[in-house]
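Structure file structure_37.cif (mmCIF, C-alpha atoms) is printed below.
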```
data_coords
#
loop_
_atom_site.label_atom_id
_atom_site.label_comp_id
_atom_site.auth_asym_id
_atom_site.auth_seq_id
_atom_site.Cartn_x
_atom_site.Cartn_y
_atom_site.Cartn_z
CA MET A 10 -25.29 22.63 -20.70
CA ASP A 11 -23.27 20.73 -18.09
CA THR A 12 -19.51 21.24 -18.36
CA ARG A 13 -19.07 17.43 -18.15
CA SER A 14 -20.94 16.86 -21.41
CA ALA A 15 -19.87 19.96 -23.37
CA PRO A 16 -17.31 19.31 -26.12
CA LEU A 17 -14.23 21.41 -26.70
CA PRO A 18 -14.42 23.79 -29.66
CA PRO A 19 -12.59 22.75 -32.83
CA GLY A 20 -9.11 24.07 -33.44
CA PRO A 21 -5.40 23.39 -33.95
CA ARG A 22 -3.08 21.57 -31.57
CA TYR A 23 0.44 22.72 -30.72
CA THR A 24 2.63 20.12 -29.05
CA ASN A 25 5.39 22.75 -29.01
CA PRO A 26 4.10 26.05 -27.56
CA LEU A 27 7.10 27.90 -29.00
CA LYS A 28 5.76 27.13 -32.48
CA PHE A 29 2.46 28.76 -31.55
CA PHE A 30 4.15 31.90 -30.24
CA ARG A 31 6.35 32.14 -33.36
CA GLU A 32 3.31 31.97 -35.64
CA LEU A 33 1.36 34.40 -33.52
CA ARG A 34 4.15 36.97 -33.25
CA ALA A 35 4.83 36.93 -36.99
CA ASP A 36 1.34 38.27 -37.77
CA PRO A 37 -1.21 38.21 -34.91
CA LEU A 38 -4.13 39.51 -36.96
CA GLY A 39 -3.33 37.21 -39.86
CA PHE A 40 -3.01 34.23 -37.51
CA TYR A 41 -6.51 34.75 -36.10
CA ARG A 42 -7.97 35.35 -39.54
CA ARG A 43 -6.56 31.98 -40.66
CA VAL A 44 -7.80 29.93 -37.70
CA VAL A 45 -11.27 31.51 -37.81
CA ALA A 46 -11.52 30.83 -41.54
CA GLU A 47 -10.49 27.21 -40.98
CA TYR A 48 -12.30 26.28 -37.75
CA GLY A 49 -15.15 28.76 -37.31
CA ASP A 50 -16.40 31.57 -35.10
CA ILE A 51 -15.35 29.83 -31.86
CA GLY A 52 -12.30 27.65 -31.59
CA TYR A 53 -9.78 26.05 -29.25
CA ILE A 54 -6.00 26.16 -29.45
CA ASP A 55 -4.75 23.04 -27.68
CA MET A 56 -1.48 24.14 -26.12
CA ARG A 57 0.40 23.86 -22.85
CA PRO A 58 0.59 25.37 -20.30
CA ARG A 59 -2.60 27.32 -21.12
CA PRO A 60 -4.98 26.56 -23.97
CA GLN A 61 -6.76 29.38 -25.72
CA VAL A 62 -10.39 29.80 -26.79
CA TRP A 63 -11.17 32.42 -29.41
CA THR A 64 -14.60 33.74 -30.31
CA ILE A 65 -16.04 36.32 -32.65
CA ARG A 66 -19.70 35.88 -31.67
CA PRO A 67 -21.60 38.79 -30.05
CA GLU A 68 -23.65 36.41 -27.89
CA HIS A 69 -20.44 34.91 -26.53
CA TYR A 70 -19.23 38.38 -25.59
CA ARG A 71 -22.35 38.81 -23.50
CA GLU A 72 -21.54 35.58 -21.66
CA VAL A 73 -17.86 36.34 -21.03
CA LEU A 74 -17.67 40.14 -20.73
CA VAL A 75 -21.10 41.09 -19.39
CA LYS A 76 -22.94 38.29 -17.58
CA ASN A 77 -20.10 36.29 -16.03
CA VAL A 78 -17.29 38.76 -15.46
CA ASP A 79 -16.26 37.15 -12.16
CA ARG A 80 -15.60 33.85 -13.95
CA TYR A 81 -13.45 35.59 -16.56
CA PRO A 82 -11.07 38.15 -15.01
CA LYS A 83 -8.25 39.69 -17.00
CA GLY A 84 -5.76 37.17 -15.65
CA ILE A 85 -2.11 36.46 -16.36
CA ALA A 86 -1.85 38.24 -19.71
CA PHE A 87 -2.65 41.61 -18.15
CA GLU A 88 -0.81 40.85 -14.92
CA ARG A 89 2.45 40.77 -16.87
CA LEU A 90 1.84 44.30 -18.16
CA LYS A 91 1.42 45.92 -14.76
CA VAL A 92 5.16 46.53 -14.65
CA ILE A 93 4.73 49.18 -17.36
CA GLY A 94 1.16 50.28 -16.68
CA GLY A 95 0.81 50.10 -12.92
CA ASN A 96 -2.44 49.01 -11.34
CA GLY A 97 -4.83 51.52 -12.88
CA LEU A 98 -8.32 50.82 -14.20
CA PHE A 99 -7.04 48.97 -17.24
CA PHE A 100 -5.16 46.37 -15.20
CA SER A 101 -6.66 46.28 -11.71
CA GLU A 102 -9.25 43.78 -10.50
CA GLY A 103 -11.68 43.26 -7.64
CA GLU A 104 -12.22 45.85 -4.93
CA THR A 105 -9.35 48.08 -6.10
CA TRP A 106 -10.90 48.32 -9.55
CA ARG A 107 -14.43 48.93 -8.21
CA LYS A 108 -13.27 51.69 -5.84
CA ASN A 109 -11.12 53.49 -8.38
CA ARG A 110 -13.62 53.13 -11.21
CA LYS A 111 -16.19 54.90 -9.05
CA LEU A 112 -13.76 57.73 -8.27
CA VAL A 113 -12.60 58.24 -11.87
CA SER A 114 -16.10 57.95 -13.32
CA ARG A 115 -17.07 61.18 -11.52
CA SER A 116 -15.15 63.03 -14.22
CA PHE A 117 -16.91 61.25 -17.10
CA THR A 118 -20.57 61.68 -16.25
CA HIS A 119 -22.69 63.41 -18.89
CA ARG A 120 -22.52 66.68 -16.96
CA ALA A 121 -18.79 66.47 -16.25
CA LEU A 122 -18.06 65.59 -19.87
CA GLY A 123 -19.10 69.06 -20.94
CA ASN A 124 -16.26 70.52 -18.89
CA LEU A 125 -13.75 68.19 -20.56
CA LEU A 126 -14.91 68.72 -24.13
CA VAL A 127 -14.26 72.46 -24.08
CA HIS A 128 -10.53 71.68 -24.14
CA ILE A 129 -10.83 69.92 -27.48
CA THR A 130 -11.58 73.05 -29.50
CA GLY A 131 -8.36 74.84 -28.56
CA ALA A 132 -6.22 71.81 -29.28
CA ALA A 133 -8.03 71.15 -32.58
CA VAL A 134 -7.50 74.76 -33.75
CA ASP A 135 -3.80 74.63 -32.82
CA PHE A 136 -3.48 71.35 -34.75
CA THR A 137 -5.17 72.86 -37.81
CA ASP A 138 -2.90 75.92 -37.64
CA ARG A 139 0.18 73.65 -37.55
CA MET A 140 -1.09 71.71 -40.55
CA ALA A 141 -1.87 74.92 -42.46
CA GLU A 142 1.83 75.82 -42.23
CA ARG A 143 2.59 72.63 -44.18
CA GLY A 144 0.14 73.52 -46.95
CA GLY A 145 1.63 73.01 -50.40
CA GLY A 146 4.67 71.26 -48.93
CA PRO A 147 5.96 67.73 -49.45
CA ALA A 148 4.22 64.64 -48.09
CA PHE A 149 4.85 63.73 -44.47
CA ASP A 150 3.73 61.00 -42.10
CA ILE A 151 0.67 62.30 -40.25
CA VAL A 152 0.79 59.58 -37.55
CA PRO A 153 3.08 61.55 -35.17
CA GLU A 154 0.86 64.61 -35.62
CA MET A 155 -2.20 62.56 -34.70
CA ALA A 156 -0.44 61.43 -31.53
CA ARG A 157 0.52 65.01 -30.80
CA VAL A 158 -2.97 66.49 -31.08
CA ALA A 159 -4.53 63.62 -29.12
CA MET A 160 -1.97 63.97 -26.32
CA ASP A 161 -2.52 67.73 -26.34
CA VAL A 162 -6.25 67.19 -25.79
CA ALA A 163 -5.62 64.57 -23.09
CA CYS A 164 -3.24 66.79 -21.15
CA ARG A 165 -5.49 69.86 -21.34
CA SER A 166 -8.54 67.82 -20.37
CA PHE A 167 -7.09 65.62 -17.66
CA PHE A 168 -4.30 67.80 -16.23
CA GLY A 169 -5.98 71.14 -16.83
CA ASP A 170 -3.08 72.86 -18.56
CA ASP A 171 -1.70 73.51 -22.06
CA ILE A 172 1.49 71.48 -21.76
CA LEU A 173 2.01 70.31 -25.32
CA GLU A 174 5.81 70.62 -25.31
CA ARG A 175 6.01 68.41 -22.23
CA ALA A 176 3.41 66.06 -23.67
CA ILE A 177 5.43 65.23 -26.79
CA PRO A 178 8.16 63.21 -25.00
CA LEU A 179 5.47 61.69 -22.80
CA SER A 180 3.61 60.46 -25.88
CA ALA A 181 6.81 59.06 -27.38
CA ALA A 182 7.61 57.25 -24.13
CA LEU A 183 4.18 55.61 -24.06
CA TRP A 184 4.69 54.26 -27.59
CA GLU A 185 8.23 53.11 -26.73
CA THR A 186 6.86 50.52 -24.30
CA ALA A 187 5.04 48.60 -27.08
CA GLU A 188 7.95 46.22 -27.70
CA TYR A 189 8.06 45.21 -24.04
CA ALA A 190 4.30 44.57 -24.15
CA ASP A 191 4.89 42.33 -27.16
CA LYS A 192 7.47 40.26 -25.28
CA ALA A 193 5.27 40.02 -22.20
CA MET A 194 2.20 38.87 -24.12
CA ASN A 195 3.88 36.67 -26.74
CA SER A 196 6.57 34.81 -24.83
CA LEU A 197 6.30 31.68 -22.76
CA PHE A 198 8.84 33.02 -20.25
CA PRO A 199 9.39 36.76 -20.84
CA PRO A 200 12.51 38.10 -19.11
CA PRO A 201 11.74 40.25 -16.02
CA LEU A 202 12.30 43.97 -16.43
CA TRP A 203 15.37 43.92 -14.17
CA ILE A 204 17.29 41.78 -16.69
CA PRO A 205 19.23 44.27 -18.87
CA THR A 206 18.10 43.15 -22.33
CA ARG A 207 17.92 45.73 -25.12
CA VAL A 208 14.13 45.90 -24.87
CA ASN A 209 14.19 46.15 -21.08
CA ARG A 210 16.75 48.97 -21.09
CA LYS A 211 14.69 50.92 -23.61
CA THR A 212 11.53 50.29 -21.61
CA LYS A 213 13.05 51.38 -18.29
CA LYS A 214 14.24 54.61 -19.92
CA ALA A 215 10.75 55.25 -21.30
CA LEU A 216 9.19 54.51 -17.90
CA ARG A 217 11.47 57.07 -16.23
CA VAL A 218 10.30 59.72 -18.71
CA MET A 219 6.67 58.65 -18.44
CA PHE A 220 6.23 58.46 -14.70
CA GLY A 221 8.64 61.31 -14.04
CA THR A 222 6.56 63.60 -16.25
CA ILE A 223 3.33 62.44 -14.62
CA ASP A 224 4.79 63.11 -11.16
CA ASP A 225 5.81 66.63 -12.25
CA LEU A 226 2.35 67.30 -13.66
CA ILE A 227 0.71 66.14 -10.45
CA GLU A 228 3.00 68.42 -8.44
CA ASP A 229 2.23 71.36 -10.75
CA ALA A 230 -1.49 70.77 -10.31
CA ARG A 231 -1.10 70.71 -6.53
CA ARG A 232 0.65 74.08 -6.64
CA ARG A 233 -2.13 75.58 -8.79
CA GLY A 234 -4.72 74.23 -6.39
CA GLU A 235 -7.20 73.33 -9.10
CA THR A 236 -10.09 71.04 -8.18
CA ASP A 237 -12.42 71.18 -11.20
CA ASN A 238 -10.51 68.95 -13.64
CA VAL A 239 -9.86 65.19 -13.60
CA LEU A 240 -6.51 65.43 -11.85
CA GLY A 241 -7.79 67.98 -9.36
CA LYS A 242 -10.67 65.72 -8.37
CA LEU A 243 -8.36 62.73 -7.92
CA ILE A 244 -5.92 64.81 -5.85
CA THR A 245 -8.87 65.67 -3.61
CA ALA A 246 -9.59 61.94 -3.37
CA VAL A 247 -5.97 61.39 -2.24
CA ASP A 248 -6.27 64.12 0.39
CA ASN A 249 -9.52 62.53 1.60
CA GLY A 250 -7.88 59.13 1.94
CA GLU A 251 -9.94 57.57 -0.87
CA LEU A 252 -6.94 57.07 -3.14
CA SER A 253 -3.24 56.51 -2.49
CA PRO A 254 -0.54 58.61 -4.23
CA ALA A 255 0.60 55.48 -6.11
CA GLU A 256 -2.96 54.83 -7.28
CA LEU A 257 -3.25 58.44 -8.43
CA ARG A 258 -0.12 58.07 -10.55
CA ASP A 259 -1.35 54.78 -12.06
CA GLU A 260 -4.77 56.20 -12.91
CA MET A 261 -3.29 59.25 -14.61
CA TRP A 262 -1.01 56.96 -16.65
CA THR A 263 -4.07 54.95 -17.66
CA LEU A 264 -6.05 58.04 -18.65
CA LEU A 265 -3.18 59.49 -20.68
CA ASN A 266 -2.41 56.21 -22.43
CA ALA A 267 -5.97 55.20 -23.20
CA GLY A 268 -7.00 58.82 -23.68
CA HIS A 269 -4.69 59.50 -26.59
CA GLU A 270 -3.81 56.16 -28.22
CA THR A 271 -7.27 55.29 -29.55
CA THR A 272 -8.04 58.81 -30.75
CA ALA A 273 -4.66 59.29 -32.42
CA THR A 274 -4.90 56.04 -34.36
CA THR A 275 -8.54 56.57 -35.28
CA LEU A 276 -7.85 60.07 -36.60
CA GLY A 277 -5.01 58.85 -38.80
CA PHE A 278 -7.10 56.07 -40.29
CA ALA A 279 -10.11 58.41 -40.70
CA PHE A 280 -8.08 60.94 -42.69
CA HIS A 281 -6.83 58.06 -44.83
CA PHE A 282 -10.36 56.82 -45.57
CA LEU A 283 -11.62 60.31 -46.40
CA SER A 284 -8.73 60.85 -48.79
CA GLN A 285 -9.66 57.60 -50.53
CA HIS A 286 -13.38 58.50 -50.66
CA PRO A 287 -13.73 62.12 -51.88
CA GLU A 288 -17.53 61.96 -51.86
CA MET A 289 -17.43 61.13 -48.14
CA ARG A 290 -14.91 63.90 -47.49
CA ARG A 291 -17.16 66.43 -49.19
CA ARG A 292 -20.01 65.49 -46.84
CA VAL A 293 -17.72 66.09 -43.85
CA GLU A 294 -16.68 69.43 -45.35
CA ALA A 295 -20.32 70.41 -45.86
CA GLU A 296 -21.12 69.78 -42.19
CA ALA A 297 -18.06 71.78 -41.14
CA ASP A 298 -18.93 74.65 -43.51
CA ALA A 299 -22.46 74.83 -42.13
CA LEU A 300 -21.00 76.01 -38.82
CA GLY A 301 -19.62 79.17 -40.39
CA ASP A 302 -16.22 80.67 -39.66
CA ARG A 303 -16.09 79.77 -35.98
CA ALA A 304 -14.43 76.61 -34.69
CA PRO A 305 -16.75 73.69 -33.87
CA THR A 306 -17.67 73.34 -30.22
CA PRO A 307 -19.17 70.46 -28.22
CA ALA A 308 -22.59 72.08 -28.70
CA ASP A 309 -22.24 71.44 -32.45
CA VAL A 310 -21.75 67.70 -32.21
CA GLU A 311 -25.41 66.92 -32.92
CA ARG A 312 -25.05 68.81 -36.22
CA LEU A 313 -22.01 66.74 -37.19
CA GLU A 314 -23.93 63.51 -37.70
CA PHE A 315 -22.08 62.23 -40.75
CA THR A 316 -18.67 63.20 -39.34
CA ASN A 317 -19.55 61.23 -36.22
CA ARG A 318 -20.46 58.22 -38.38
CA VAL A 319 -17.08 58.50 -40.14
CA VAL A 320 -15.44 58.06 -36.73
CA LEU A 321 -17.62 55.02 -35.93
CA GLU A 322 -16.97 53.40 -39.31
CA THR A 323 -13.23 53.94 -38.93
CA LEU A 324 -13.38 52.26 -35.52
CA ARG A 325 -15.33 49.38 -37.05
CA LEU A 326 -12.89 48.67 -39.87
CA LEU A 327 -9.63 49.40 -38.03
CA PRO A 328 -10.22 49.29 -34.27
CA PRO A 329 -7.11 50.18 -32.23
CA ALA A 330 -8.42 47.89 -29.47
CA TRP A 331 -8.76 44.92 -31.84
CA GLY A 332 -9.46 42.35 -29.12
CA THR A 333 -8.95 41.54 -25.48
CA SER A 334 -8.28 38.50 -23.32
CA ARG A 335 -9.71 36.92 -20.20
CA GLU A 336 -8.77 33.92 -18.09
CA ALA A 337 -11.31 31.27 -17.09
CA VAL A 338 -11.08 30.68 -13.33
CA GLU A 339 -13.37 27.63 -13.54
CA ASP A 340 -14.81 25.32 -16.17
CA GLY A 341 -17.61 26.98 -18.11
CA VAL A 342 -19.73 26.61 -21.22
CA VAL A 343 -19.88 29.26 -23.95
CA GLY A 344 -21.92 28.69 -27.08
CA GLY A 345 -22.40 25.05 -26.19
CA TYR A 346 -18.64 24.43 -25.95
CA LEU A 347 -16.45 23.76 -22.93
CA VAL A 348 -14.12 26.54 -21.81
CA PRO A 349 -11.75 24.75 -19.45
CA ARG A 350 -10.34 26.26 -16.30
CA ASN A 351 -7.15 28.31 -16.86
CA ALA A 352 -7.88 28.75 -20.57
CA ILE A 353 -7.21 32.17 -22.07
CA VAL A 354 -10.41 33.45 -23.71
CA GLN A 355 -9.73 35.73 -26.67
CA PRO A 356 -12.65 37.90 -27.94
CA LEU A 357 -11.64 39.10 -31.41
CA PHE A 358 -13.56 42.34 -31.91
CA PHE A 359 -11.86 43.22 -35.20
CA LEU A 360 -13.27 40.09 -36.88
CA THR A 361 -16.75 40.51 -35.39
CA GLN A 362 -16.83 44.02 -36.83
CA ARG A 363 -16.29 42.60 -40.33
CA HIS A 364 -18.58 39.58 -39.91
CA PRO A 365 -20.94 39.32 -42.94
CA GLU A 366 -23.73 38.06 -40.67
CA PHE A 367 -23.91 41.49 -39.01
CA TRP A 368 -22.60 43.88 -41.67
CA ASP A 369 -23.51 44.28 -45.35
CA HIS A 370 -20.42 44.43 -47.58
CA PRO A 371 -18.31 44.35 -44.39
CA ASP A 372 -15.00 45.41 -45.96
CA ASP A 373 -16.41 48.57 -47.54
CA PHE A 374 -16.04 52.01 -45.95
CA ASP A 375 -19.67 53.05 -45.51
CA PRO A 376 -20.39 55.44 -42.61
CA ASP A 377 -24.12 55.41 -43.33
CA ARG A 378 -24.34 51.83 -42.04
CA PHE A 379 -24.54 53.53 -38.61
CA THR A 380 -27.79 55.35 -39.35
CA PRO A 381 -30.63 54.24 -37.04
CA GLU A 382 -32.47 52.59 -39.94
CA ARG A 383 -29.54 50.41 -40.99
CA SER A 384 -28.50 49.65 -37.41
CA ALA A 385 -31.89 48.20 -36.46
CA GLY A 386 -31.69 44.55 -35.53
CA ARG A 387 -27.90 44.44 -35.32
CA PRO A 388 -26.63 42.99 -32.02
CA PRO A 389 -25.08 45.89 -30.06
CA GLU A 390 -22.09 43.66 -29.19
CA ALA A 391 -21.26 43.37 -32.92
CA PHE A 392 -19.59 46.79 -32.56
CA SER A 393 -17.24 46.72 -29.58
CA PRO A 394 -14.24 48.99 -30.21
CA PHE A 395 -14.22 50.01 -26.54
CA ALA A 396 -14.94 46.53 -25.13
CA LEU A 397 -18.11 45.65 -23.22
CA GLY A 398 -19.70 45.32 -19.83
CA SER A 399 -18.41 46.83 -16.62
CA ARG A 400 -14.85 46.95 -18.05
CA ARG A 401 -15.97 49.03 -21.04
CA CYS A 402 -13.68 52.01 -21.62
CA ILE A 403 -14.70 54.85 -19.33
CA GLY A 404 -13.67 57.47 -21.90
CA GLU A 405 -15.54 56.02 -24.88
CA ARG A 406 -17.87 58.96 -25.47
CA PHE A 407 -15.07 61.46 -24.89
CA ALA A 408 -12.85 59.77 -27.51
CA ILE A 409 -15.60 59.64 -30.15
CA LEU A 410 -16.59 63.28 -29.64
CA GLU A 411 -12.94 64.35 -29.66
CA ALA A 412 -12.26 62.67 -33.01
CA THR A 413 -15.48 64.15 -34.44
CA LEU A 414 -14.57 67.70 -33.43
CA VAL A 415 -10.96 67.43 -34.64
CA LEU A 416 -12.12 66.16 -38.06
CA ALA A 417 -14.68 68.95 -38.38
CA THR A 418 -12.23 71.67 -37.31
CA PHE A 419 -9.58 70.51 -39.79
CA HIS A 420 -12.00 70.20 -42.72
CA GLN A 421 -13.26 73.76 -42.31
CA ARG A 422 -9.99 74.93 -43.84
CA LEU A 423 -7.84 72.07 -45.09
CA GLU A 424 -7.68 68.75 -46.89
CA PHE A 425 -5.29 65.82 -46.53
CA ARG A 426 -4.35 63.81 -49.64
CA LEU A 427 -2.71 60.41 -49.40
CA THR A 428 0.44 59.91 -51.45
CA PRO A 429 -0.76 58.33 -54.74
CA GLY A 430 -0.22 54.59 -54.90
CA PHE A 431 0.58 54.24 -51.21
CA ASP A 432 -1.05 51.35 -49.34
CA ILE A 433 -1.17 51.63 -45.58
CA GLN A 434 -0.44 48.50 -43.57
CA PRO A 435 -2.67 48.22 -40.51
CA GLY A 436 -1.15 45.85 -38.01
CA LEU A 437 0.21 45.40 -34.54
CA GLN A 438 3.46 46.80 -33.24
CA GLY A 439 4.21 43.94 -30.91
CA PHE A 440 0.92 42.73 -29.49
CA GLY A 441 -0.43 46.18 -28.74
CA PRO A 442 -3.03 48.37 -30.44
CA MET A 443 -3.66 48.31 -34.17
CA ARG A 444 -1.63 51.01 -35.91
CA ALA A 445 -0.49 52.06 -39.37
CA LEU A 446 2.82 50.18 -39.37
CA ASN A 447 4.26 51.96 -42.40
CA GLY A 448 2.85 55.37 -41.57
CA ILE A 449 0.31 57.48 -43.46
CA PRO A 450 2.12 59.89 -45.83
CA MET A 451 -0.06 62.82 -46.85
CA THR A 452 0.09 66.32 -48.22
CA VAL A 453 -1.91 69.28 -46.87
CA HIS A 454 -4.00 71.51 -49.14
CA ASN A 455 -5.95 74.68 -48.44
CA ARG A 456 -9.59 74.13 -49.36
CA HIS A 457 -10.17 77.76 -50.22
#
```
Give the structure from the file, written as structure tokens.
Amino acid sequence: MDTRSAPLPPGPRYTNPLKFFRELRADPLGFYRRVVAEYGDIGYIDMRPRPQVWTIRPEHYREVLVKNVDRYPKGIAFERLKVIGGNGLFFSEGETWRKNRKLVSRSFTHRALGNLLVHITGAAVDFTDRMAERGGGPAFDIVPEMARVAMDVACRSFFGDDILERAIPLSAALWETAEYADKAMNSLFPPPLWIPTRVNRKTKKALRVMFGTIDDLIEDARRRGETDNVLGKLITAVDNGELSPAELRDEMWTLLNAGHETTATTLGFAFHFLSQHPEMRRRVEAEADALGDRAPTPADVERLEFTNRVVLETLRLLPPAWGTSREAVEDGVVGGYLVPRNAIVQPLFFLTQRHPEFWDHPDDFDPDRFTPERSAGRPPEAFSPFALGSRRCIGERFAILEATLVLATFHQRLEFRLTPGFDIQPGLQGFGPMRALNGIPMTVHNRH
């Protein structure tokens, strides 16, 4: 369809953009649920200086994120976040992104992945041992422990060393930048980082910890002279002139951030679901028990089919990466509607993954919906927790296998039980990933 004859999608109009940002910041997920329920699967928010087009249709994702990526770059929303995330794969565009993606992807090929996955077992066993010490004790919030085990795996896998004690403040610093990200994404004119607001001061302190720790870890790796892990390979790329030292730092930040955030959140929500569905938990335990007394290894993943589906179903219902945004660099047509130049295009994965057109009983926790028989005929883009196309998360398979192995290792010995009567509140801290805003209080019990 010609852009001159295509109509704008339906949607609300905001003569005052501040009103839009106030409504959005109060409850981003709730805001999008409301407008989708009122206007449909694709809609248009008429607002200055940049209108917004939302969509929850898989076929639209193919148009925006797969077929026409050059028309829809990440744009201004992600540009604002480079001050805290550098110019790594998550934020970079064009030739920089293509060059660095090629370099980093060497560590995530099917063959290379085997070398990374071996680090998961040690971290998973250490995590289970720590939890066993809490057996029979009072309830505690498991969210920090999920962040700890995921950061432990990320540091062992990407930096090639067991550096958990140094990883803990690094993990905390990464999470401390969420409020700045909220301001950057949800304000018409966010204050630059050099202005000493409360949020900016906190963010600058976190950035000093974050990048200072990464610099130290890079220097440690240089002294060890390792070349067979992710960092070692990227250091070689720096020495060969393929990557600058600043690019190395940014890519390691990206790997650490993306490499632990999704897994940590998914594990917390998965333990919550299994506590609420004992029959599902028993199936996970049965798969873990079938491995005997030894800890699960990457070679066992094919035998952990149901546990793997638990991870996928958790990602479907509560995806940490709940959506993304792109900016239209020219007028285009998506789904028969006009997407005007400069509009922010907002794919809302979390609503697609509960769309009744693609999922039976979409709000139910049902891991078996991911069996081959029940997946037949479902558009692959209907499940997009790691985005789509060339910008799809490079560590997707690693994250899914990591969560699967951690769940299996834990359930060989222990069981988490959610505090009776407690309702978790999935939501956004700022405008960042979906998290359990009020924590996940649980008690630990020895299965045997």
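The shortest atom-to-atom distance to A:Met451, with only C-alpha atoms taken into account, belongs to A:Leu283 out of A:Leu283, A:Ala267, A:Ala299, A:Leu416.
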Among the residues A:Gly145, A:Pro67, A:Pro18, A:Gly97, the one that comes closest to A:His454 [using all atoms listed in the file] | A:Gly145
If we count all atoms listed in the file, what is near A:Gly221 at a cut-off of 12 Å, once residues fewer than 5 positions away on the same chain are taken out, given as a list of chain:residue names?
-> A:Arg175, A:Ala176, A:Pro178, A:Leu179, A:Ala182, A:Lys213, A:Lys214, A:Ala215, A:Leu216, A:Leu226, A:Ile227, A:Glu228, A:Arg258, A:Trp262
For the structure provided, state which residues fall under the PyMOL selection byres ((chain A and resi 24-33) around 7), and present them as number ranges by chain.
-> A: 22-23, 34-37, 40, 56-57, 195-196
List the residues matched by the PyMOL selection byres ((chain A and resi 327-333) around 9) in the displayed structure as JSON, numbers by chain, ordered by chain and then by residue number.
-> {"A": [38, 83, 270, 271, 272, 274, 275, 278, 322, 323, 324, 325, 326, 334, 335, 354, 355, 356, 357, 358, 359, 360, 362, 393, 394, 395, 396, 435, 441, 442, 443, 444]}
Grab the atom CA of A:Gly144 to atom CA of A:Val453 distance for me, in Å with one decimal place.
-> 4.7 Å
Exercise: A:Ala132 partners within 7 Å, only C-alpha atoms, chain neighbours under 4 positions left out, as number ranges by chain | A: 128, 136, 158, 161-162
Identify, on the basis of only C-alpha atoms, every residue whose closest approach to A:Ala308 does not exceed 10 Å; exclude the query and any residue fewer than 2 positions from it along the same chain; express the result as a count of residues only.
-> 8
If you measure from atom CA of A:Arg318 to atom CA of A:Asp375, what distance in Å do you get, rounded to one decimal?
-> 8.8 Å
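Between atom CA of A:Pro450 and atom CA of A:Pro287 there is a distance of 17.1 Å.
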Running the PyMOL selection byres ((chain A and resi 418-425) around 8) on this model by hand, what would come out? Give it as a PDB file with C-alpha atoms, keeping the file's coordinate frame.
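What follows is the written file part_5.pdb:
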```
ATOM      1  CA  THR A 130     -11.580  73.050 -29.500  1.00  0.00           C
ATOM      2  CA  ALA A 133      -8.030  71.150 -32.580  1.00  0.00           C
ATOM      3  CA  VAL A 134      -7.500  74.760 -33.750  1.00  0.00           C
ATOM      4  CA  PHE A 136      -3.480  71.350 -34.750  1.00  0.00           C
ATOM      5  CA  THR A 137      -5.170  72.860 -37.810  1.00  0.00           C
ATOM      6  CA  ALA A 141      -1.870  74.920 -42.460  1.00  0.00           C
ATOM      7  CA  PHE A 280      -8.080  60.940 -42.690  1.00  0.00           C
ATOM      8  CA  SER A 284      -8.730  60.850 -48.790  1.00  0.00           C
ATOM      9  CA  VAL A 293     -17.720  66.090 -43.850  1.00  0.00           C
ATOM     10  CA  GLU A 294     -16.680  69.430 -45.350  1.00  0.00           C
ATOM     11  CA  ALA A 297     -18.060  71.780 -41.140  1.00  0.00           C
ATOM     12  CA  ASP A 298     -18.930  74.650 -43.510  1.00  0.00           C
ATOM     13  CA  ASP A 302     -16.220  80.670 -39.660  1.00  0.00           C
ATOM     14  CA  ALA A 304     -14.430  76.610 -34.690  1.00  0.00           C
ATOM     15  CA  PRO A 305     -16.750  73.690 -33.870  1.00  0.00           C
ATOM     16  CA  LEU A 414     -14.570  67.700 -33.430  1.00  0.00           C
ATOM     17  CA  VAL A 415     -10.960  67.430 -34.640  1.00  0.00           C
ATOM     18  CA  LEU A 416     -12.120  66.160 -38.060  1.00  0.00           C
ATOM     19  CA  ALA A 417     -14.680  68.950 -38.380  1.00  0.00           C
ATOM     20  CA  ARG A 426      -4.350  63.810 -49.640  1.00  0.00           C
ATOM     21  CA  LEU A 427      -2.710  60.410 -49.400  1.00  0.00           C
ATOM     22  CA  MET A 451      -0.060  62.820 -46.850  1.00  0.00           C
ATOM     23  CA  THR A 452       0.090  66.320 -48.220  1.00  0.00           C
ATOM     24  CA  VAL A 453      -1.910  69.280 -46.870  1.00  0.00           C
ATOM     25  CA  HIS A 454      -4.000  71.510 -49.140  1.00  0.00           C
ATOM     26  CA  ASN A 455      -5.950  74.680 -48.440  1.00  0.00           C
ATOM     27  CA  ARG A 456      -9.590  74.130 -49.360  1.00  0.00           C
ATOM     28  CA  HIS A 457     -10.170  77.760 -50.220  1.00  0.00           C
TER      29      HIS A 457
END
```
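Checking A:Arg406, A:Thr12, A:Thr361, A:Val348 one by one against A:Asp55, counting all atoms listed in the file, you find the shortest gap at A:Val348.
With all atoms listed in the file as the atoms that count, the residue of A:Gly39, A:Glu142, A:Val44, A:Val62 with the shortest distance to A:Val342 is A:Val62.
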